[in-house]
Amino acid sequence: MTASDILLVVDIQNDFCPEGALAVPGGHEIVPIVNRIASRFAHVVLTQDWHPRGHNSFASSHPGRVPYDVVEVSYGRQILWPDHCVQDTPGAAFQKDLHIPHAELILRKGYHRAIDSYSAFYENDRRTPTGLGGYLRERGFARVFLAGLAFDFCVRYSAEDAVREGFSVVVIEEACRAIDLDGSVAATRDSLAKLGIACLGEAAL
Ligand code: VGL
Ligand code: ZN
């Protein structure tokens with residue numbers, strides 16, 4: 001690891017852990033792994049899914065729809081989720097054992113009511129930037145390592161956008177857990193491989 005490396009820790013929040021509103025199987029298991037990995041990085045950024053009540057990605061905002069239905073919205077297909085990570089609720093808080101005191105930035109995303117944001121770089125309209133690309137560039141980072149939840153949604157889209165933004169990218173897959181909807185894990189592995197994104201284990205860091 002070098003001074004131009006940053007670890008991006010994606011959405012390790014209560015709602016993505018078992019008993020949360022959008023539970024990712026085994027989501028809590030990565031917390032000690034991520035803590036250990038983060039302690040080896042000089043620079044860490046955390047992301048936090050942070051939706052207003054009534055967010056357009058919630059099935060509850062679409063009469064007659066249920067979670068995991070897919071609908072067409074202004075920017076294309078959107079999976080509808082259970083209400084999750086509502087701003088300033090316990091479900092949106094970081095999992096209590098996550099301990100990364102030296103994290104330099106908490107990047108919140110998904111706060112525009114009409115647009116979901118899987119990626120930490122661009123919202124789901126693929127046009128609205130979060131500012132993270134500029135932040136990382138201005139600070140001179142060149143390589144982004146990713147860990148967190150969920151491997152096949154927010155980690156995947158963040159990793160892909162990091163490549164498009166010109167960063168070298170490494171996904172630490174054993175420090176991620178997946179939702180796995182309709183083959184989304186296999187699709188993620190294919191897509192990361194096509195983009196030349198390395199998936200490494202902790203031991204290889
Ligand atoms: C996520 C679905 C909806 C994630 C966030 O963090 O992967 N997935 N919101
Ligand atoms: Zn969300």
# chains A, B, ... in the order shown; residues from 1 in each chain; ligands from 1

call {"tool": "residues_around", "arguments": {"residues": "region 174-183 of chain A", "least_positions_apart": "3", "cutoff": "7 Å", "atoms": "only C-alpha atoms", "output": "list in words"}}
result
Val24, Pro25, Gly26, Gly27, Ile30, Ile33, Val34, Ala147, Gly148, Leu149, Ala150, Phe151, Asp152, Ala186, Ala187 and Gly201 of chain A

call {"tool": "write_last_selection", "arguments": {"atoms": "C-alpha atoms", "output": "short mmCIF file (atom, residue, chain, number, x, y, z; two decimals), in the first residue's frame"}}
result
data_model
loop_
_atom_site.label_atom_id
_atom_site.label_comp_id
_atom_site.auth_asym_id
_atom_site.auth_seq_id
_atom_site.Cartn_x
_atom_site.Cartn_y
_atom_site.Cartn_z
CA VAL A 24 -27.63 -8.65 3.67
CA PRO A 25 -26.89 -12.26 4.67
CA GLY A 26 -23.85 -12.28 6.94
CA GLY A 27 -23.53 -8.51 6.67
CA ILE A 30 -17.38 -8.40 7.76
CA ILE A 33 -12.45 -7.90 8.94
CA VAL A 34 -13.07 -4.34 7.76
CA ALA A 147 -15.04 -3.25 1.14
CA GLY A 148 -18.57 -3.33 2.53
CA LEU A 149 -22.21 -3.87 1.61
CA ALA A 150 -23.59 -4.93 -0.66
CA PHE A 151 -21.06 -6.56 -2.98
CA ASP A 152 -23.54 -6.78 -5.87
CA ALA A 186 -22.45 -13.69 -10.92
CA ALA A 187 -23.22 -10.55 -12.96
CA GLY A 201 -8.26 -11.28 -0.41
#

call {"tool": "residues_around", "arguments": {"residues": "Asp116 (chain A)", "least_positions_apart": "3", "cutoff": "8 Å", "atoms": "only C-alpha atoms", "output": "VMD selection string"}}
result
chain A and resid 56 to 57 110 to 113 123 to 125

call {"tool": "write_last_selection", "arguments": {"atoms": "N, CA and C atoms", "output": "PDB file, in the first residue's frame"}}
result
ATOM      1  N   ASN A  56     -37.996   7.435  -3.486  1.00  0.00           N
ATOM      2  CA  ASN A  56     -38.554   6.781  -4.672  1.00  0.00           C
ATOM      3  C   ASN A  56     -38.053   5.344  -4.867  1.00  0.00           C
ATOM      4  N   SER A  57     -36.997   4.951  -4.175  1.00  0.00           N
ATOM      5  CA  SER A  57     -36.517   3.566  -4.285  1.00  0.00           C
ATOM      6  C   SER A  57     -37.255   2.633  -3.332  1.00  0.00           C
ATOM      7  N   GLY A 110     -27.870   9.064  -1.771  1.00  0.00           N
ATOM      8  CA  GLY A 110     -29.260   8.616  -1.834  1.00  0.00           C
ATOM      9  C   GLY A 110     -30.219   9.595  -1.192  1.00  0.00           C
ATOM     10  N   TYR A 111     -29.757  10.848  -0.992  1.00  0.00           N
ATOM     11  CA  TYR A 111     -30.582  11.840  -0.292  1.00  0.00           C
ATOM     12  C   TYR A 111     -31.509  12.609  -1.226  1.00  0.00           C
ATOM     13  N   HIS A 112     -31.349  12.463  -2.562  1.00  0.00           N
ATOM     14  CA  HIS A 112     -32.338  13.068  -3.475  1.00  0.00           C
ATOM     15  C   HIS A 112     -33.548  12.149  -3.539  1.00  0.00           C
ATOM     16  N   ARG A 113     -34.712  12.703  -3.217  1.00  0.00           N
ATOM     17  CA  ARG A 113     -35.906  11.867  -3.076  1.00  0.00           C
ATOM     18  C   ARG A 113     -36.215  11.056  -4.330  1.00  0.00           C
ATOM     19  N   GLU A 123     -25.124   9.113  -8.911  1.00  0.00           N
ATOM     20  CA  GLU A 123     -26.440   8.591  -8.562  1.00  0.00           C
ATOM     21  C   GLU A 123     -26.952   7.707  -9.709  1.00  0.00           C
ATOM     22  N   ASN A 124     -28.083   7.058  -9.479  1.00  0.00           N
ATOM     23  CA  ASN A 124     -28.545   6.053 -10.448  1.00  0.00           C
ATOM     24  C   ASN A 124     -28.994   6.636 -11.789  1.00  0.00           C
ATOM     25  N   ASP A 125     -29.132   7.964 -11.875  1.00  0.00           N
ATOM     26  CA  ASP A 125     -29.377   8.559 -13.198  1.00  0.00           C
ATOM     27  C   ASP A 125     -28.085   8.561 -14.015  1.00  0.00           C
TER      28      ASP A 125
END

call {"tool": "atom_distance", "arguments": {"atom1": "CA of Ala162 (chain A)", "atom2": "CA of Phe121 (chain A)"}}
result
7.2 Å

call {"tool": "atom_distance", "arguments": {"atom1": "atom 8 (N, counted along the ligand's line) of ligand 1", "atom2": "CA of Arg40 (chain A)"}}
result
26.7 Å

call {"tool": "residues_near_ligand", "arguments": {"ligand": "ligand 1", "cutoff": "9 Å", "atoms": "only C-alpha atoms and all ligand atoms", "output": "short mmCIF file (atom, residue, chain, number, x, y, z; two decimals) with all heavy atoms, in the first residue's frame"}}
result
data_model
loop_
_atom_site.label_atom_id
_atom_site.label_comp_id
_atom_site.auth_asym_id
_atom_site.auth_seq_id
_atom_site.Cartn_x
_atom_site.Cartn_y
_atom_site.Cartn_z
N VAL A 10 -18.06 0.75 2.28
CA VAL A 10 -19.38 1.05 1.73
C VAL A 10 -20.51 0.56 2.66
O VAL A 10 -20.62 -0.65 2.93
CB VAL A 10 -19.52 0.38 0.34
CG1 VAL A 10 -20.91 0.60 -0.23
CG2 VAL A 10 -18.46 0.91 -0.62
N ASP A 11 -21.30 1.48 3.16
CA ASP A 11 -22.64 1.20 3.72
C ASP A 11 -22.71 0.10 4.78
O ASP A 11 -23.60 -0.77 4.73
CB ASP A 11 -23.61 0.85 2.58
CG ASP A 11 -23.85 1.99 1.60
OD1 ASP A 11 -23.24 3.06 1.79
OD2 ASP A 11 -24.63 1.81 0.65
N ILE A 12 -21.79 0.12 5.74
CA ILE A 12 -21.87 -0.88 6.83
C ILE A 12 -22.80 -0.32 7.91
O ILE A 12 -22.37 0.21 8.94
CB ILE A 12 -20.49 -1.27 7.35
CG1 ILE A 12 -19.64 -1.78 6.18
CG2 ILE A 12 -20.63 -2.36 8.44
CD1 ILE A 12 -18.33 -2.42 6.57
N GLN A 13 -24.09 -0.43 7.62
CA GLN A 13 -25.14 0.19 8.43
C GLN A 13 -26.09 -0.87 8.96
O GLN A 13 -26.25 -1.94 8.36
CB GLN A 13 -25.90 1.19 7.56
CG GLN A 13 -25.06 2.38 7.12
CD GLN A 13 -25.70 3.16 5.99
OE1 GLN A 13 -25.32 2.98 4.83
NE2 GLN A 13 -26.67 4.01 6.30
N PHE A 16 -28.45 -2.98 6.79
CA PHE A 16 -27.89 -3.99 5.89
C PHE A 16 -27.33 -5.18 6.65
O PHE A 16 -26.68 -6.06 6.07
CB PHE A 16 -26.81 -3.36 5.00
CG PHE A 16 -27.32 -2.28 4.09
CD1 PHE A 16 -26.78 -1.01 4.11
CD2 PHE A 16 -28.37 -2.54 3.22
CE1 PHE A 16 -27.26 0.00 3.28
CE2 PHE A 16 -28.86 -1.54 2.38
CZ PHE A 16 -28.31 -0.27 2.41
N LEU A 22 -33.12 -4.16 5.31
CA LEU A 22 -32.71 -4.72 4.01
C LEU A 22 -31.49 -5.60 4.29
O LEU A 22 -30.38 -5.30 3.86
CB LEU A 22 -32.36 -3.57 3.05
CG LEU A 22 -32.53 -3.79 1.56
CD1 LEU A 22 -32.17 -2.54 0.77
CD2 LEU A 22 -31.79 -4.96 1.01
N VAL A 24 -28.54 -7.96 4.57
CA VAL A 24 -27.63 -8.65 3.67
C VAL A 24 -27.12 -9.87 4.44
O VAL A 24 -26.58 -9.71 5.54
CB VAL A 24 -26.44 -7.74 3.28
CG1 VAL A 24 -25.49 -8.46 2.35
CG2 VAL A 24 -26.95 -6.44 2.66
N THR A 47 -18.93 5.36 3.39
CA THR A 47 -20.17 5.84 2.79
C THR A 47 -21.36 5.41 3.65
O THR A 47 -21.28 4.43 4.39
CB THR A 47 -20.40 5.34 1.35
OG1 THR A 47 -20.71 3.95 1.36
CG2 THR A 47 -19.18 5.59 0.47
N GLN A 48 -22.41 6.18 3.53
CA GLN A 48 -23.62 5.95 4.34
C GLN A 48 -24.83 6.18 3.44
O GLN A 48 -25.03 7.30 2.94
CB GLN A 48 -23.60 6.93 5.53
CG GLN A 48 -24.56 6.60 6.64
CD GLN A 48 -24.34 7.50 7.87
OE1 GLN A 48 -23.81 8.62 7.76
NE2 GLN A 48 -24.77 7.03 9.03
N ASP A 49 -25.61 5.12 3.23
CA ASP A 49 -26.86 5.23 2.48
C ASP A 49 -27.81 6.08 3.34
O ASP A 49 -27.96 5.80 4.53
CB ASP A 49 -27.41 3.80 2.28
CG ASP A 49 -28.21 3.61 1.00
OD1 ASP A 49 -27.86 4.21 -0.03
OD2 ASP A 49 -29.20 2.85 1.04
N TRP A 50 -28.44 7.10 2.74
CA TRP A 50 -29.04 8.15 3.60
C TRP A 50 -30.27 8.72 2.90
O TRP A 50 -30.23 9.79 2.30
CB TRP A 50 -27.97 9.21 3.85
CG TRP A 50 -28.22 10.16 4.97
CD1 TRP A 50 -28.52 11.49 4.87
CD2 TRP A 50 -28.13 9.89 6.38
NE1 TRP A 50 -28.64 12.05 6.12
CE2 TRP A 50 -28.39 11.09 7.07
CE3 TRP A 50 -27.86 8.72 7.13
CZ2 TRP A 50 -28.40 11.17 8.47
CZ3 TRP A 50 -27.86 8.80 8.51
CH2 TRP A 50 -28.13 10.01 9.16
N HIS A 51 -31.38 7.96 2.99
CA HIS A 51 -32.57 8.32 2.22
C HIS A 51 -33.57 9.13 3.04
O HIS A 51 -33.80 8.84 4.22
CB HIS A 51 -33.29 7.04 1.77
CG HIS A 51 -32.47 6.13 0.91
ND1 HIS A 51 -31.87 6.54 -0.25
CD2 HIS A 51 -32.18 4.80 1.04
CE1 HIS A 51 -31.23 5.51 -0.79
NE2 HIS A 51 -31.39 4.44 -0.03
N SER A 57 -37.00 4.95 -4.18
CA SER A 57 -36.52 3.57 -4.28
C SER A 57 -37.26 2.63 -3.33
O SER A 57 -37.00 1.43 -3.33
CB SER A 57 -35.01 3.49 -3.98
OG SER A 57 -34.77 3.60 -2.59
N PHE A 58 -38.15 3.18 -2.52
CA PHE A 58 -38.87 2.34 -1.56
C PHE A 58 -40.15 1.82 -2.21
O PHE A 58 -40.93 2.60 -2.79
CB PHE A 58 -39.26 3.13 -0.30
CG PHE A 58 -38.11 3.66 0.52
CD1 PHE A 58 -38.35 4.60 1.53
CD2 PHE A 58 -36.81 3.22 0.33
CE1 PHE A 58 -37.31 5.09 2.31
CE2 PHE A 58 -35.76 3.70 1.11
CZ PHE A 58 -36.01 4.64 2.09
N ILE A 79 -34.91 -1.17 -9.02
CA ILE A 79 -35.41 -2.19 -8.10
C ILE A 79 -36.03 -1.46 -6.91
O ILE A 79 -35.47 -0.49 -6.41
CB ILE A 79 -34.28 -3.12 -7.61
CG1 ILE A 79 -33.59 -3.80 -8.81
CG2 ILE A 79 -34.80 -4.15 -6.61
CD1 ILE A 79 -32.35 -4.61 -8.42
N LEU A 80 -37.18 -1.94 -6.47
CA LEU A 80 -37.82 -1.34 -5.30
C LEU A 80 -37.40 -2.10 -4.05
O LEU A 80 -37.45 -3.33 -4.01
CB LEU A 80 -39.34 -1.36 -5.46
CG LEU A 80 -39.87 -0.54 -6.64
CD1 LEU A 80 -41.38 -0.64 -6.72
CD2 LEU A 80 -39.43 0.93 -6.53
N TRP A 81 -37.01 -1.36 -3.04
CA TRP A 81 -36.46 -1.94 -1.81
C TRP A 81 -37.43 -1.73 -0.65
O TRP A 81 -38.28 -0.84 -0.70
CB TRP A 81 -35.13 -1.26 -1.49
CG TRP A 81 -34.11 -1.35 -2.59
CD1 TRP A 81 -33.75 -0.35 -3.45
CD2 TRP A 81 -33.35 -2.50 -2.98
NE1 TRP A 81 -32.80 -0.80 -4.33
CE2 TRP A 81 -32.53 -2.11 -4.06
CE3 TRP A 81 -33.26 -3.80 -2.50
CZ2 TRP A 81 -31.65 -2.99 -4.69
CZ3 TRP A 81 -32.37 -4.68 -3.12
CH2 TRP A 81 -31.59 -4.28 -4.20
N PRO A 82 -37.27 -2.53 0.38
CA PRO A 82 -37.98 -2.19 1.62
C PRO A 82 -37.47 -0.81 2.09
O PRO A 82 -36.34 -0.44 1.77
CB PRO A 82 -37.52 -3.27 2.61
CG PRO A 82 -36.81 -4.31 1.82
CD PRO A 82 -36.37 -3.69 0.53
N HIS A 84 -35.45 1.61 3.97
CA HIS A 84 -34.18 1.32 4.65
C HIS A 84 -33.36 2.60 4.74
O HIS A 84 -33.52 3.52 3.94
CB HIS A 84 -33.40 0.24 3.89
CG HIS A 84 -32.93 0.70 2.54
ND1 HIS A 84 -33.77 0.71 1.44
CD2 HIS A 84 -31.76 1.21 2.13
CE1 HIS A 84 -33.11 1.19 0.41
NE2 HIS A 84 -31.89 1.52 0.79
N CYS A 85 -32.46 2.62 5.70
CA CYS A 85 -31.50 3.73 5.85
C CYS A 85 -32.16 5.09 5.72
O CYS A 85 -31.69 5.98 5.00
CB CYS A 85 -30.35 3.58 4.85
SG CYS A 85 -29.38 2.09 5.14
N GLY A 110 -27.87 9.06 -1.77
CA GLY A 110 -29.26 8.62 -1.83
C GLY A 110 -30.22 9.59 -1.19
O GLY A 110 -31.36 9.26 -0.89
N ASP A 116 -32.18 7.17 -6.79
CA ASP A 116 -31.43 6.28 -5.91
C ASP A 116 -29.94 6.47 -6.21
O ASP A 116 -29.55 7.07 -7.21
CB ASP A 116 -31.85 4.82 -6.15
CG ASP A 116 -31.56 3.94 -4.93
OD1 ASP A 116 -31.06 4.46 -3.91
OD2 ASP A 116 -31.85 2.72 -5.00
N SER A 117 -29.09 5.99 -5.34
CA SER A 117 -27.65 6.11 -5.56
C SER A 117 -26.95 4.88 -5.00
O SER A 117 -26.67 4.80 -3.82
CB SER A 117 -27.10 7.38 -4.90
OG SER A 117 -25.76 7.60 -5.32
N TYR A 118 -26.67 3.91 -5.87
CA TYR A 118 -25.89 2.76 -5.44
C TYR A 118 -24.41 3.16 -5.34
O TYR A 118 -23.72 2.83 -4.40
CB TYR A 118 -26.02 1.61 -6.44
CG TYR A 118 -27.41 1.03 -6.59
CD1 TYR A 118 -27.80 0.44 -7.79
CD2 TYR A 118 -28.33 1.04 -5.54
CE1 TYR A 118 -29.06 -0.11 -7.95
CE2 TYR A 118 -29.58 0.50 -5.69
CZ TYR A 118 -29.94 -0.08 -6.90
OH TYR A 118 -31.18 -0.62 -7.06
N SER A 119 -23.96 3.85 -6.38
CA SER A 119 -22.55 4.22 -6.46
C SER A 119 -22.25 5.37 -5.52
O SER A 119 -23.06 6.28 -5.33
CB SER A 119 -22.24 4.61 -7.90
OG SER A 119 -21.02 5.32 -7.97
N GLY A 148 -17.29 -3.74 1.95
CA GLY A 148 -18.57 -3.33 2.53
C GLY A 148 -19.77 -4.03 1.91
O GLY A 148 -19.70 -5.15 1.42
N LEU A 149 -20.90 -3.32 1.96
CA LEU A 149 -22.21 -3.87 1.61
C LEU A 149 -22.89 -2.97 0.59
O LEU A 149 -22.78 -1.75 0.69
CB LEU A 149 -23.08 -3.96 2.87
CG LEU A 149 -22.44 -4.73 4.05
CD1 LEU A 149 -23.29 -4.58 5.31
CD2 LEU A 149 -22.25 -6.20 3.70
N ALA A 150 -23.59 -3.53 -0.31
CA ALA A 150 -23.59 -4.93 -0.66
C ALA A 150 -22.69 -5.13 -1.88
O ALA A 150 -22.66 -4.29 -2.77
CB ALA A 150 -25.01 -5.40 -0.98
N PHE A 151 -22.00 -6.26 -1.90
CA PHE A 151 -21.06 -6.56 -2.98
C PHE A 151 -21.67 -6.33 -4.35
O PHE A 151 -21.03 -5.78 -5.26
CB PHE A 151 -20.61 -8.02 -2.84
CG PHE A 151 -19.75 -8.52 -3.98
CD1 PHE A 151 -18.45 -8.09 -4.13
CD2 PHE A 151 -20.27 -9.46 -4.87
CE1 PHE A 151 -17.65 -8.57 -5.18
CE2 PHE A 151 -19.48 -9.94 -5.92
CZ PHE A 151 -18.17 -9.50 -6.07
N ASP A 152 -22.92 -6.77 -4.54
CA ASP A 152 -23.54 -6.78 -5.87
C ASP A 152 -24.34 -5.52 -6.17
O ASP A 152 -24.94 -5.42 -7.25
CB ASP A 152 -24.40 -8.03 -6.05
CG ASP A 152 -25.25 -8.36 -4.83
OD1 ASP A 152 -25.01 -7.82 -3.74
OD2 ASP A 152 -26.16 -9.18 -4.99
N PHE A 153 -24.36 -4.56 -5.27
CA PHE A 153 -25.03 -3.29 -5.55
C PHE A 153 -24.08 -2.12 -5.28
O PHE A 153 -23.38 -1.68 -6.18
CB PHE A 153 -26.38 -3.17 -4.81
CG PHE A 153 -27.40 -4.09 -5.43
CD1 PHE A 153 -27.58 -5.39 -4.98
CD2 PHE A 153 -28.11 -3.67 -6.54
CE1 PHE A 153 -28.46 -6.25 -5.61
CE2 PHE A 153 -29.00 -4.52 -7.18
CZ PHE A 153 -29.18 -5.82 -6.71
N CYS A 154 -24.03 -1.64 -4.07
CA CYS A 154 -23.26 -0.41 -3.85
C CYS A 154 -21.76 -0.59 -4.03
O CYS A 154 -21.08 0.31 -4.52
CB CYS A 154 -23.63 0.20 -2.52
SG CYS A 154 -25.34 0.84 -2.56
N VAL A 155 -21.22 -1.75 -3.65
CA VAL A 155 -19.78 -1.97 -3.87
C VAL A 155 -19.53 -2.07 -5.38
O VAL A 155 -18.62 -1.43 -5.92
CB VAL A 155 -19.29 -3.22 -3.13
CG1 VAL A 155 -17.85 -3.54 -3.52
CG2 VAL A 155 -19.42 -3.03 -1.62
N ARG A 156 -20.36 -2.86 -6.08
CA ARG A 156 -20.18 -3.02 -7.52
C ARG A 156 -20.21 -1.68 -8.26
O ARG A 156 -19.31 -1.37 -9.03
CB ARG A 156 -21.29 -3.93 -8.08
CG ARG A 156 -21.25 -3.98 -9.59
CD ARG A 156 -22.47 -4.64 -10.19
NE ARG A 156 -22.39 -4.57 -11.65
CZ ARG A 156 -23.22 -5.20 -12.47
NH1 ARG A 156 -24.17 -5.96 -11.99
NH2 ARG A 156 -23.07 -5.07 -13.78
N TYR A 157 -21.27 -0.91 -8.05
CA TYR A 157 -21.41 0.34 -8.81
C TYR A 157 -20.33 1.34 -8.44
O TYR A 157 -19.85 2.10 -9.29
CB TYR A 157 -22.82 0.92 -8.63
CG TYR A 157 -23.85 0.16 -9.45
CD1 TYR A 157 -24.43 -1.02 -8.98
CD2 TYR A 157 -24.19 0.59 -10.72
CE1 TYR A 157 -25.34 -1.73 -9.73
CE2 TYR A 157 -25.11 -0.12 -11.49
CZ TYR A 157 -25.68 -1.28 -10.99
OH TYR A 157 -26.57 -1.99 -11.75
N ALA A 178 -23.06 -10.06 -0.08
CA ALA A 178 -23.95 -9.75 -1.20
C ALA A 178 -25.42 -9.96 -0.86
O ALA A 178 -25.77 -10.75 0.02
CB ALA A 178 -23.59 -10.64 -2.39
N ILE A 179 -26.29 -9.26 -1.61
CA ILE A 179 -27.73 -9.47 -1.51
C ILE A 179 -28.11 -10.69 -2.36
O ILE A 179 -28.88 -11.54 -1.95
CB ILE A 179 -28.49 -8.20 -1.96
CG1 ILE A 179 -28.18 -7.03 -1.02
CG2 ILE A 179 -30.00 -8.47 -2.00
CD1 ILE A 179 -28.76 -5.68 -1.45
#

call {"tool": "select_by_dssp", "arguments": {"residues": "region 50-124 of chain A", "states": "helix (DSSP H, G or I)", "output": "PyMOL selection string"}}
result
chain A and resi 59-61+90-92

call {"tool": "select_by_dssp", "arguments": {"residues": "region 67-175 of chain A", "states": "strand (DSSP E)", "output": "list in words"}}
result
Val70, Val71, Glu72, Val73, Gly76, Arg77, Gln78, Ile79, Leu105, Ile106, Leu107, Arg108, Lys109, Arg143, Val144, Phe145, Leu146, Ala147, Gly148, Leu149, Ser168, Val169, Val170, Val171, Ile172, Glu173, Glu174 and Ala175 of chain A

call {"tool": "atom_distance", "arguments": {"atom1": "CA of Ser168 (chain A)", "atom2": "CA of Gln78 (chain A)"}}
result
28.2 Å

call {"tool": "closest_residue", "arguments": {"among": "A:Pro32, A:Gly196, A:Pro63, A:Gly91", "to": "ligand 2", "atoms": "only C-alpha atoms and all ligand atoms"}}
result
A:Gly91

call {"tool": "residues_around", "arguments": {"residues": "Leu105 (chain A)", "least_positions_apart": "5", "cutoff": "8 Å", "atoms": "only C-alpha atoms", "output": "PyMOL selection string"}}
result
chain A and resi 44-46

call {"tool": "closest_residue", "arguments": {"among": "A:Glu104, A:Leu7, A:Glu160, A:Ala142", "to": "Ser191 (chain A)", "atoms": "only C-alpha atoms"}}
result
A:Glu160

call {"tool": "decode", "arguments": {"residues": "region 118-140 of chain A", "atoms": "N, CA and C atoms", "output": "PDB file, in the first residue's frame"}}
result
ATOM      1  N   TYR A 118     -26.674   3.913  -5.873  1.00  0.00           N
ATOM      2  CA  TYR A 118     -25.886   2.755  -5.439  1.00  0.00           C
ATOM      3  C   TYR A 118     -24.415   3.159  -5.344  1.00  0.00           C
ATOM      4  N   SER A 119     -23.964   3.854  -6.378  1.00  0.00           N
ATOM      5  CA  SER A 119     -22.555   4.216  -6.456  1.00  0.00           C
ATOM      6  C   SER A 119     -22.246   5.375  -5.520  1.00  0.00           C
ATOM      7  N   ALA A 120     -21.035   5.365  -4.988  1.00  0.00           N
ATOM      8  CA  ALA A 120     -20.573   6.494  -4.174  1.00  0.00           C
ATOM      9  C   ALA A 120     -20.115   7.659  -5.050  1.00  0.00           C
ATOM     10  N   PHE A 121     -20.071   7.459  -6.376  1.00  0.00           N
ATOM     11  CA  PHE A 121     -19.580   8.508  -7.287  1.00  0.00           C
ATOM     12  C   PHE A 121     -20.704   9.182  -8.073  1.00  0.00           C
ATOM     13  N   TYR A 122     -21.655   8.381  -8.568  1.00  0.00           N
ATOM     14  CA  TYR A 122     -22.759   8.919  -9.366  1.00  0.00           C
ATOM     15  C   TYR A 122     -24.071   8.306  -8.904  1.00  0.00           C
ATOM     16  N   GLU A 123     -25.124   9.113  -8.911  1.00  0.00           N
ATOM     17  CA  GLU A 123     -26.440   8.591  -8.562  1.00  0.00           C
ATOM     18  C   GLU A 123     -26.952   7.707  -9.709  1.00  0.00           C
ATOM     19  N   ASN A 124     -28.083   7.058  -9.479  1.00  0.00           N
ATOM     20  CA  ASN A 124     -28.545   6.053 -10.448  1.00  0.00           C
ATOM     21  C   ASN A 124     -28.994   6.636 -11.789  1.00  0.00           C
ATOM     22  N   ASP A 125     -29.132   7.964 -11.875  1.00  0.00           N
ATOM     23  CA  ASP A 125     -29.377   8.559 -13.198  1.00  0.00           C
ATOM     24  C   ASP A 125     -28.085   8.561 -14.015  1.00  0.00           C
ATOM     25  N   ARG A 126     -26.974   8.168 -13.386  1.00  0.00           N
ATOM     26  CA  ARG A 126     -25.641   8.081 -13.983  1.00  0.00           C
ATOM     27  C   ARG A 126     -25.092   9.450 -14.373  1.00  0.00           C
ATOM     28  N   ARG A 127     -25.719  10.528 -13.928  1.00  0.00           N
ATOM     29  CA  ARG A 127     -25.325  11.884 -14.320  1.00  0.00           C
ATOM     30  C   ARG A 127     -25.025  12.776 -13.124  1.00  0.00           C
ATOM     31  N   THR A 128     -25.705  12.521 -12.021  1.00  0.00           N
ATOM     32  CA  THR A 128     -25.563  13.418 -10.862  1.00  0.00           C
ATOM     33  C   THR A 128     -24.385  12.954 -10.012  1.00  0.00           C
ATOM     34  N   PRO A 129     -23.299  13.761  -9.980  1.00  0.00           N
ATOM     35  CA  PRO A 129     -22.139  13.329  -9.196  1.00  0.00           C
ATOM     36  C   PRO A 129     -22.350  13.580  -7.707  1.00  0.00           C
ATOM     37  N   THR A 130     -21.703  12.765  -6.894  1.00  0.00           N
ATOM     38  CA  THR A 130     -21.746  12.986  -5.444  1.00  0.00           C
ATOM     39  C   THR A 130     -20.621  13.908  -4.985  1.00  0.00           C
ATOM     40  N   GLY A 131     -19.637  14.110  -5.861  1.00  0.00           N
ATOM     41  CA  GLY A 131     -18.457  14.908  -5.493  1.00  0.00           C
ATOM     42  C   GLY A 131     -17.274  14.064  -5.062  1.00  0.00           C
ATOM     43  N   LEU A 132     -17.470  12.757  -4.871  1.00  0.00           N
ATOM     44  CA  LEU A 132     -16.369  11.928  -4.358  1.00  0.00           C
ATOM     45  C   LEU A 132     -15.198  11.857  -5.338  1.00  0.00           C
ATOM     46  N   GLY A 133     -15.492  11.812  -6.642  1.00  0.00           N
ATOM     47  CA  GLY A 133     -14.400  11.755  -7.632  1.00  0.00           C
ATOM     48  C   GLY A 133     -13.490  12.968  -7.510  1.00  0.00           C
ATOM     49  N   GLY A 134     -14.097  14.132  -7.425  1.00  0.00           N
ATOM     50  CA  GLY A 134     -13.315  15.364  -7.287  1.00  0.00           C
ATOM     51  C   GLY A 134     -12.534  15.403  -5.979  1.00  0.00           C
ATOM     52  N   TYR A 135     -13.189  14.957  -4.913  1.00  0.00           N
ATOM     53  CA  TYR A 135     -12.537  14.936  -3.596  1.00  0.00           C
ATOM     54  C   TYR A 135     -11.288  14.059  -3.630  1.00  0.00           C
ATOM     55  N   LEU A 136     -11.429  12.850  -4.170  1.00  0.00           N
ATOM     56  CA  LEU A 136     -10.294  11.920  -4.179  1.00  0.00           C
ATOM     57  C   LEU A 136      -9.188  12.432  -5.095  1.00  0.00           C
ATOM     58  N   ARG A 137      -9.570  12.999  -6.252  1.00  0.00           N
ATOM     59  CA  ARG A 137      -8.555  13.532  -7.169  1.00  0.00           C
ATOM     60  C   ARG A 137      -7.827  14.712  -6.549  1.00  0.00           C
ATOM     61  N   GLU A 138      -8.586  15.607  -5.964  1.00  0.00           N
ATOM     62  CA  GLU A 138      -7.954  16.806  -5.394  1.00  0.00           C
ATOM     63  C   GLU A 138      -6.978  16.433  -4.290  1.00  0.00           C
ATOM     64  N   ARG A 139      -7.274  15.340  -3.605  1.00  0.00           N
ATOM     65  CA  ARG A 139      -6.378  14.921  -2.527  1.00  0.00           C
ATOM     66  C   ARG A 139      -5.250  14.024  -3.004  1.00  0.00           C
ATOM     67  N   GLY A 140      -5.215  13.748  -4.316  1.00  0.00           N
ATOM     68  CA  GLY A 140      -4.063  13.041  -4.886  1.00  0.00           C
ATOM     69  C   GLY A 140      -4.119  11.533  -4.791  1.00  0.00           C
TER      70      GLY A 140
END
